[in-house]
Amino acid sequence: MAQHYVSLLFLFFAFTFTCSVAKMVPAVFVFGDSLADVGNNNYLTLSIAKANFPHNGVDFPGKKPTGRFSNGRNAADFLAEKLGLPTSPPYLSLKFASNKSNAFLGGVSFASGGAGILDGTDRLFRQAISLSNQVEYYATVYATLVEQLGSVEAQKYFSKSLYAIVIGSNDILGFFKAGSDVHLKNTPQELVDSMTLMMTGYLKRLYNLGARKFVVVGIPAIGCCPSQRNQNKTGACNEESNYWCNKYNEGAKSLLQAMKTEFKDINYAFFDSYNVLLNFIQKPANYGFIEVKAACCGLGNLNAVVPCIPISHYCPKRTDHVFWDLYHPTEAAAKIFIDTIFDGSQQYVSPVNVRQLVAL
Ligand SMILES: *[C@@H]1O[C@H](CO)[C@@H](O)[C@H](O)[C@H]1NC(C)=O
Ligand SMILES: *[C@@H]1O[C@H](CO)[C@@H](O)[C@H](O)[C@H]1NC(C)=O
């Protein structure tokens with residue numbers, strides 16, 4: 001009998017121990033665009049930024065198209081996995097959850113394909129959850145959890161959670177799109193300045209709603225994605241959009257530094273996805289890639305003339321390719337992004353990486 005109790009006790013401790021080691025933070029709240037969308041856009045009837053059909057998901061468990069713009073899992077999935085959490089569910093899928101605070105507890109994703117930092121960018125693909133709406137949705141989640149956990153517990157819970165923000169590509173893409181009206185009214189410097197200004201406001205609002213640990217992903221070198229290369233006869237990267245992505249990233253880095261000075265109790269990891277993507281393109285063999293220009297799934301020049309829709313072709317070996325479709329990375333590329341954001345050196349993720357951020 002006594003022996004039974006001992007072994008039961010042992011099992012109990014072994015279990016709680018592995019659980020607490022496995023889960024590194026209470027929750028991840030995800031804000032962003034199609035690089036992180038795990039299904040919100042499936043609920044937006046007017047949006048043309050959708051991925052809930054083949055060949056998306058061809059490498060996802062069960063070969064299931066889920067709304068992820070990927071052949072398999074995306075950056076949000078890999079980040080959650082590293083943290084020992086299930087992927088934060090799409091906010092719009094929780095509308096009918098019977099117990100909302102229960103559904104929200106492990107984190108929620110507000111990311112929506114086609115979203116931008118600026119209101120109006122979401123019209124690029126007709127409908128998306130703009131960053132301003134994402135933050136307002138989070139405010140309702142915040143209120144529900146404060147009511148559930150009580151104010152003191154809730155503040156502890158929020159301050160240990162991660163707030164991952166992956167956005168900005170669509171603002172730049174929209175600006176440089178032929179015939180864009182923002183382009184006619186503003187200079188690219190004005191665009192980038194208003195992006196950083198708006199981002200500052202959203203970060204402060206999240207701070208006031210309990211957020212203390214931010215994971216901010218800079219804009220990748222989107223001038224090198226197949227859709228942009230396809231616009232140049234030589235297939236070269238669009239240097240102008242790359243230049244302004246870089247400019248925005250510099251602005252975002254300084255705004256985070258300034259926020260840290262103003263609010264001493266925040267911490268953040270800023271990820272230089274721009275240069276990590278350029279590394280893939282310049283030294284593909286180091287990362288196991290062979291094809292860095294063409295999309296895996298699509299039709300026409302660089303598989304970028306027709307997007308990844310059911311009639312498109314897709315490549316047999318997805319792990320060879322940096323790009324899954326005309327805009328988005330393959331699962332293989334997303335995995336390396338997250339490995340780097342988690343454990344990478346200060347050259348790519350600063351002032352700390354996500355593993356260090358969690359421990360702070
Ligand atoms: C909802 O879930 C929370 C957290 O798991 C729990 O504490 C609470 O009792 C649940 N509420 C109802 C009405 O079931
Ligand atoms: C095509 O790319 C080359 C090399 O970057 C550049 O010099 C040229 O201006 C580009 N052409 C267009 C139409 O963007």
# chains A, B, ... in the order shown; residues from 1 in each chain; ligands from 1
$ residues_near_ligand --ligand "ligand 1" --cutoff "10 Å" --atoms "only C-alpha atoms and all ligand atoms" --output "NGL selection string"
:A and (98-105 or 145 or 148-149)
$ write_last_selection --atoms "all heavy atoms" --output "PDB file, in the first residue's frame"
ATOM      1  N   SER A  98     -17.989  27.447 -25.959  1.00  0.00           N
ATOM      2  CA  SER A  98     -18.957  27.445 -24.854  1.00  0.00           C
ATOM      3  C   SER A  98     -18.375  28.145 -23.631  1.00  0.00           C
ATOM      4  O   SER A  98     -19.082  28.791 -22.882  1.00  0.00           O
ATOM      5  CB  SER A  98     -19.363  26.014 -24.514  1.00  0.00           C
ATOM      6  OG  SER A  98     -18.201  25.288 -24.192  1.00  0.00           O
ATOM      7  N   ASN A  99     -17.060  28.013 -23.443  1.00  0.00           N
ATOM      8  CA  ASN A  99     -16.435  28.681 -22.299  1.00  0.00           C
ATOM      9  C   ASN A  99     -15.291  29.538 -22.855  1.00  0.00           C
ATOM     10  O   ASN A  99     -14.210  29.053 -23.121  1.00  0.00           O
ATOM     11  CB  ASN A  99     -15.912  27.633 -21.313  1.00  0.00           C
ATOM     12  CG  ASN A  99     -15.321  28.269 -20.073  1.00  0.00           C
ATOM     13  OD1 ASN A  99     -14.869  29.418 -20.092  1.00  0.00           O
ATOM     14  ND2 ASN A  99     -15.299  27.516 -18.987  1.00  0.00           N
ATOM     15  N   LYS A 100     -15.558  30.821 -23.020  1.00  0.00           N
ATOM     16  CA  LYS A 100     -14.601  31.687 -23.705  1.00  0.00           C
ATOM     17  C   LYS A 100     -13.286  31.810 -22.951  1.00  0.00           C
ATOM     18  O   LYS A 100     -12.215  31.704 -23.545  1.00  0.00           O
ATOM     19  CB  LYS A 100     -15.221  33.069 -23.931  1.00  0.00           C
ATOM     20  CG  LYS A 100     -16.191  33.114 -25.088  1.00  0.00           C
ATOM     21  CD  LYS A 100     -15.929  34.348 -25.912  1.00  0.00           C
ATOM     22  CE  LYS A 100     -16.653  34.423 -27.247  1.00  0.00           C
ATOM     23  NZ  LYS A 100     -17.789  33.623 -27.503  1.00  0.00           N
ATOM     24  N   SER A 101     -13.349  31.994 -21.604  1.00  0.00           N
ATOM     25  CA  SER A 101     -12.075  32.199 -20.909  1.00  0.00           C
ATOM     26  C   SER A 101     -11.223  30.944 -21.012  1.00  0.00           C
ATOM     27  O   SER A 101     -10.011  31.011 -21.168  1.00  0.00           O
ATOM     28  CB  SER A 101     -12.297  32.611 -19.460  1.00  0.00           C
ATOM     29  OG  SER A 101     -13.208  31.757 -18.843  1.00  0.00           O
ATOM     30  N   ASN A 102     -11.857  29.790 -20.980  1.00  0.00           N
ATOM     31  CA  ASN A 102     -11.138  28.544 -21.160  1.00  0.00           C
ATOM     32  C   ASN A 102     -10.474  28.501 -22.545  1.00  0.00           C
ATOM     33  O   ASN A 102      -9.312  28.132 -22.683  1.00  0.00           O
ATOM     34  CB  ASN A 102     -12.129  27.389 -21.004  1.00  0.00           C
ATOM     35  CG  ASN A 102     -11.440  26.135 -20.535  1.00  0.00           C
ATOM     36  OD1 ASN A 102     -10.337  26.201 -19.998  1.00  0.00           O
ATOM     37  ND2 ASN A 102     -12.070  25.010 -20.749  1.00  0.00           N
ATOM     38  N   ALA A 103     -11.220  28.901 -23.570  1.00  0.00           N
ATOM     39  CA  ALA A 103     -10.711  28.878 -24.938  1.00  0.00           C
ATOM     40  C   ALA A 103      -9.553  29.863 -25.122  1.00  0.00           C
ATOM     41  O   ALA A 103      -8.643  29.620 -25.909  1.00  0.00           O
ATOM     42  CB  ALA A 103     -11.836  29.204 -25.915  1.00  0.00           C
ATOM     43  N   PHE A 104      -9.580  30.980 -24.384  1.00  0.00           N
ATOM     44  CA  PHE A 104      -8.562  32.032 -24.562  1.00  0.00           C
ATOM     45  C   PHE A 104      -7.277  31.760 -23.774  1.00  0.00           C
ATOM     46  O   PHE A 104      -6.246  32.368 -24.038  1.00  0.00           O
ATOM     47  CB  PHE A 104      -9.100  33.384 -24.091  1.00  0.00           C
ATOM     48  CG  PHE A 104     -10.236  33.945 -24.904  1.00  0.00           C
ATOM     49  CD1 PHE A 104     -11.097  34.897 -24.361  1.00  0.00           C
ATOM     50  CD2 PHE A 104     -10.433  33.547 -26.222  1.00  0.00           C
ATOM     51  CE1 PHE A 104     -12.142  35.431 -25.111  1.00  0.00           C
ATOM     52  CE2 PHE A 104     -11.482  34.075 -26.980  1.00  0.00           C
ATOM     53  CZ  PHE A 104     -12.335  35.020 -26.415  1.00  0.00           C
ATOM     54  N   LEU A 105      -7.358  30.861 -22.781  1.00  0.00           N
ATOM     55  CA  LEU A 105      -6.278  30.768 -21.785  1.00  0.00           C
ATOM     56  C   LEU A 105      -4.882  30.474 -22.336  1.00  0.00           C
ATOM     57  O   LEU A 105      -3.893  30.974 -21.822  1.00  0.00           O
ATOM     58  CB  LEU A 105      -6.626  29.723 -20.720  1.00  0.00           C
ATOM     59  CG  LEU A 105      -7.244  30.259 -19.432  1.00  0.00           C
ATOM     60  CD1 LEU A 105      -7.544  29.114 -18.490  1.00  0.00           C
ATOM     61  CD2 LEU A 105      -6.337  31.288 -18.756  1.00  0.00           C
ATOM     62  N   LEU A 145     -10.452  37.522 -19.645  1.00  0.00           N
ATOM     63  CA  LEU A 145      -9.489  36.832 -18.784  1.00  0.00           C
ATOM     64  C   LEU A 145      -9.324  37.542 -17.443  1.00  0.00           C
ATOM     65  O   LEU A 145      -9.124  36.891 -16.421  1.00  0.00           O
ATOM     66  CB  LEU A 145      -8.152  36.665 -19.502  1.00  0.00           C
ATOM     67  CG  LEU A 145      -8.185  35.627 -20.640  1.00  0.00           C
ATOM     68  CD1 LEU A 145      -6.878  35.618 -21.414  1.00  0.00           C
ATOM     69  CD2 LEU A 145      -8.485  34.228 -20.103  1.00  0.00           C
ATOM     70  N   GLN A 148     -12.141  36.401 -15.409  1.00  0.00           N
ATOM     71  CA  GLN A 148     -11.970  35.004 -15.020  1.00  0.00           C
ATOM     72  C   GLN A 148     -10.913  34.823 -13.929  1.00  0.00           C
ATOM     73  O   GLN A 148     -11.142  34.145 -12.947  1.00  0.00           O
ATOM     74  CB  GLN A 148     -11.593  34.189 -16.261  1.00  0.00           C
ATOM     75  CG  GLN A 148     -11.231  32.739 -15.994  1.00  0.00           C
ATOM     76  CD  GLN A 148     -12.416  31.957 -15.429  1.00  0.00           C
ATOM     77  OE1 GLN A 148     -13.527  32.047 -15.954  1.00  0.00           O
ATOM     78  NE2 GLN A 148     -12.193  31.226 -14.349  1.00  0.00           N
ATOM     79  N   LEU A 149      -9.731  35.446 -14.157  1.00  0.00           N
ATOM     80  CA  LEU A 149      -8.588  35.169 -13.277  1.00  0.00           C
ATOM     81  C   LEU A 149      -8.503  36.122 -12.098  1.00  0.00           C
ATOM     82  O   LEU A 149      -7.776  35.864 -11.140  1.00  0.00           O
ATOM     83  CB  LEU A 149      -7.276  35.256 -14.072  1.00  0.00           C
ATOM     84  CG  LEU A 149      -7.116  34.306 -15.278  1.00  0.00           C
ATOM     85  CD1 LEU A 149      -5.868  34.663 -16.077  1.00  0.00           C
ATOM     86  CD2 LEU A 149      -7.046  32.858 -14.822  1.00  0.00           C
TER      87      LEU A 149
END
$ closest_atom_pairs --of "chain A" --to "ligand 2" --cutoff "10 Å" --atoms "only C-alpha atoms and all ligand atoms" --output "JSON lines"
{"residue": "A:Gln228", "atom": "CA", "partner": "ligand 2", "partner_atom_place_in_ligand_line": "14 (O)", "distance": 9.2}
{"residue": "A:Arg229", "atom": "CA", "partner": "ligand 2", "partner_atom_place_in_ligand_line": "1 (C)", "distance": 8.3}
{"residue": "A:Asn230", "atom": "CA", "partner": "ligand 2", "partner_atom_place_in_ligand_line": "1 (C)", "distance": 9.7}
{"residue": "A:Gln231", "atom": "CA", "partner": "ligand 2", "partner_atom_place_in_ligand_line": "13 (C)", "distance": 6.9}
{"residue": "A:Asn232", "atom": "CA", "partner": "ligand 2", "partner_atom_place_in_ligand_line": "1 (C)", "distance": 4.7}
{"residue": "A:Lys233", "atom": "CA", "partner": "ligand 2", "partner_atom_place_in_ligand_line": "1 (C)", "distance": 6.4}
{"residue": "A:Thr234", "atom": "CA", "partner": "ligand 2", "partner_atom_place_in_ligand_line": "1 (C)", "distance": 5.9}
{"residue": "A:Gly235", "atom": "CA", "partner": "ligand 2", "partner_atom_place_in_ligand_line": "2 (O)", "distance": 7.0}
{"residue": "A:Ala236", "atom": "CA", "partner": "ligand 2", "partner_atom_place_in_ligand_line": "2 (O)", "distance": 4.8}
{"residue": "A:Cys237", "atom": "CA", "partner": "ligand 2", "partner_atom_place_in_ligand_line": "5 (O)", "distance": 6.1}
{"residue": "A:Asn238", "atom": "CA", "partner": "ligand 2", "partner_atom_place_in_ligand_line": "14 (O)", "distance": 6.4}
{"residue": "A:Glu239", "atom": "CA", "partner": "ligand 2", "partner_atom_place_in_ligand_line": "5 (O)", "distance": 6.1}
{"residue": "A:Glu240", "atom": "CA", "partner": "ligand 2", "partner_atom_place_in_ligand_line": "14 (O)", "distance": 8.5}
$ write_last_selection --atoms "C-alpha atoms" --output "JSON list (two decimals), in the first residue's frame"
[["chain", "number", "residue", "atom", "x", "y", "z"],
["A", 228, "GLN", "CA", 8.10, 40.71, -57.16],
["A", 229, "ARG", "CA", 10.81, 38.99, -59.21],
["A", 230, "ASN", "CA", 8.20, 38.15, -61.82],
["A", 231, "GLN", "CA", 7.71, 41.88, -62.44],
["A", 232, "ASN", "CA", 11.27, 42.20, -63.72],
["A", 233, "LYS", "CA", 12.31, 40.66, -67.05],
["A", 234, "THR", "CA", 15.61, 39.55, -65.53],
["A", 235, "GLY", "CA", 13.92, 37.98, -62.50],
["A", 236, "ALA", "CA", 15.92, 40.24, -60.19],
["A", 237, "CYS", "CA", 14.69, 41.26, -56.74],
["A", 238, "ASN", "CA", 12.82, 44.54, -56.55],
["A", 239, "GLU", "CA", 15.51, 46.68, -54.92],
["A", 240, "GLU", "CA", 13.18, 49.58, -54.27]]
$ atom_distance --atom1 "atom CA of Gly107 of chain A" --atom2 "atom CA of Leu162 of chain A"
8.9 Å
$ residues_around --residues "segment 123-135 of chain A" --least-positions-apart "3" --cutoff "7 Å" --atoms "only C-alpha atoms" --output "short mmCIF file (atom, residue, chain, number, x, y, z; two decimals) with all heavy atoms, in the first residue's frame"
data_model
loop_
_atom_site.label_atom_id
_atom_site.label_comp_id
_atom_site.auth_asym_id
_atom_site.auth_seq_id
_atom_site.Cartn_x
_atom_site.Cartn_y
_atom_site.Cartn_z
N PHE A 31 -0.35 38.46 -33.49
CA PHE A 31 -0.92 39.53 -34.31
C PHE A 31 -0.18 39.50 -35.64
O PHE A 31 1.03 39.28 -35.66
CB PHE A 31 -0.71 40.89 -33.63
CG PHE A 31 -1.32 40.96 -32.26
CD1 PHE A 31 -0.62 40.46 -31.15
CD2 PHE A 31 -2.59 41.49 -32.07
CE1 PHE A 31 -1.19 40.50 -29.88
CE2 PHE A 31 -3.16 41.52 -30.80
CZ PHE A 31 -2.46 41.03 -29.70
N ASN A 41 -8.80 33.91 -41.73
CA ASN A 41 -9.41 34.35 -42.98
C ASN A 41 -10.45 33.37 -43.52
O ASN A 41 -11.27 33.74 -44.36
CB ASN A 41 -8.34 34.63 -44.04
CG ASN A 41 -7.76 36.02 -43.89
OD1 ASN A 41 -7.82 36.59 -42.80
ND2 ASN A 41 -7.21 36.57 -44.96
N LEU A 44 -13.67 35.01 -43.14
CA LEU A 44 -13.95 36.31 -43.77
C LEU A 44 -14.51 36.06 -45.17
O LEU A 44 -13.77 35.67 -46.08
CB LEU A 44 -12.67 37.15 -43.86
CG LEU A 44 -11.98 37.48 -42.53
CD1 LEU A 44 -10.73 38.34 -42.79
CD2 LEU A 44 -12.93 38.21 -41.58
N LEU A 46 -15.56 37.95 -47.61
CA LEU A 46 -15.19 38.76 -48.77
C LEU A 46 -13.71 38.69 -49.12
O LEU A 46 -13.30 39.14 -50.19
CB LEU A 46 -15.55 40.23 -48.51
CG LEU A 46 -17.02 40.50 -48.22
CD1 LEU A 46 -17.23 41.98 -47.92
CD2 LEU A 46 -17.87 40.08 -49.40
N SER A 47 -12.90 38.12 -48.23
CA SER A 47 -11.46 38.16 -48.46
C SER A 47 -11.06 37.27 -49.64
O SER A 47 -11.60 36.18 -49.82
CB SER A 47 -10.72 37.68 -47.22
OG SER A 47 -9.34 37.59 -47.51
N ILE A 48 -10.10 37.78 -50.44
CA ILE A 48 -9.54 36.92 -51.48
C ILE A 48 -8.15 36.42 -51.06
O ILE A 48 -7.47 35.77 -51.84
CB ILE A 48 -9.50 37.61 -52.87
CG1 ILE A 48 -8.81 38.97 -52.78
CG2 ILE A 48 -10.90 37.75 -53.45
CD1 ILE A 48 -8.42 39.55 -54.13
N ALA A 49 -7.75 36.71 -49.83
CA ALA A 49 -6.51 36.15 -49.29
C ALA A 49 -6.91 34.90 -48.51
O ALA A 49 -7.15 34.94 -47.31
CB ALA A 49 -5.81 37.15 -48.38
N PHE A 110 -4.77 36.45 -33.79
CA PHE A 110 -5.59 37.42 -34.49
C PHE A 110 -5.07 37.63 -35.92
O PHE A 110 -5.62 38.43 -36.67
CB PHE A 110 -5.56 38.77 -33.74
CG PHE A 110 -5.93 38.61 -32.29
CD1 PHE A 110 -4.96 38.46 -31.31
CD2 PHE A 110 -7.27 38.58 -31.91
CE1 PHE A 110 -5.29 38.28 -29.98
CE2 PHE A 110 -7.62 38.40 -30.57
CZ PHE A 110 -6.63 38.25 -29.60
N SER A 112 -4.18 37.68 -39.74
CA SER A 112 -5.13 37.60 -40.85
C SER A 112 -4.42 37.93 -42.16
O SER A 112 -3.81 39.01 -42.29
CB SER A 112 -6.26 38.60 -40.56
OG SER A 112 -7.03 38.88 -41.70
N GLY A 113 -4.48 37.02 -43.11
CA GLY A 113 -3.85 37.23 -44.41
C GLY A 113 -4.31 38.53 -45.04
O GLY A 113 -5.50 38.81 -45.06
N GLY A 114 -3.38 39.32 -45.54
CA GLY A 114 -3.71 40.58 -46.19
C GLY A 114 -3.71 41.77 -45.24
O GLY A 114 -3.90 42.91 -45.67
N ALA A 115 -3.52 41.52 -43.94
CA ALA A 115 -3.56 42.63 -42.98
C ALA A 115 -2.29 43.47 -43.06
O ALA A 115 -1.23 42.99 -43.45
CB ALA A 115 -3.73 42.09 -41.56
N GLY A 116 -2.43 44.72 -42.67
CA GLY A 116 -1.29 45.63 -42.63
C GLY A 116 -1.30 46.43 -41.35
O GLY A 116 -2.24 46.34 -40.55
N ILE A 117 -0.24 47.22 -41.18
CA ILE A 117 -0.16 48.10 -40.01
C ILE A 117 -1.13 49.27 -40.20
O ILE A 117 -1.74 49.75 -39.26
CB ILE A 117 1.28 48.62 -39.83
CG1 ILE A 117 2.22 47.45 -39.55
CG2 ILE A 117 1.35 49.67 -38.73
CD1 ILE A 117 3.70 47.81 -39.62
N ASP A 119 -4.49 51.15 -41.51
CA ASP A 119 -5.87 50.89 -41.91
C ASP A 119 -5.95 51.20 -43.39
O ASP A 119 -5.42 52.21 -43.85
CB ASP A 119 -6.83 51.81 -41.14
CG ASP A 119 -7.01 51.33 -39.70
OD1 ASP A 119 -6.85 50.11 -39.46
OD2 ASP A 119 -7.30 52.16 -38.84
N GLY A 120 -6.59 50.35 -44.14
CA GLY A 120 -6.67 50.57 -45.58
C GLY A 120 -5.85 49.55 -46.33
O GLY A 120 -6.25 49.11 -47.42
N TYR A 138 -8.21 41.74 -29.20
CA TYR A 138 -7.41 41.34 -28.04
C TYR A 138 -7.97 42.00 -26.77
O TYR A 138 -8.01 41.37 -25.71
CB TYR A 138 -5.93 41.68 -28.22
CG TYR A 138 -5.18 41.53 -26.92
CD1 TYR A 138 -4.91 40.28 -26.38
CD2 TYR A 138 -4.80 42.66 -26.18
CE1 TYR A 138 -4.30 40.13 -25.14
CE2 TYR A 138 -4.18 42.53 -24.94
CZ TYR A 138 -3.94 41.26 -24.43
OH TYR A 138 -3.35 41.12 -23.19
N ALA A 139 -8.41 43.25 -26.88
CA ALA A 139 -8.95 43.95 -25.71
C ALA A 139 -10.15 43.19 -25.11
O ALA A 139 -10.32 43.15 -23.89
CB ALA A 139 -9.34 45.38 -26.07
N GLY A 174 1.43 46.88 -50.99
CA GLY A 174 0.31 47.71 -51.44
C GLY A 174 0.79 49.04 -51.99
O GLY A 174 0.30 49.52 -53.02
#
$ residues_around --residues "Asp320 of chain A" --least-positions-apart "2" --cutoff "7 Å" --atoms "only C-alpha atoms" --output "MDAnalysis selection string"
chainID A and resid 288:291 317:318 322
$ atom_distance --atom1 "atom CA of Arg205 of chain A" --atom2 "atom CA of Val352 of chain A"
22.7 Å
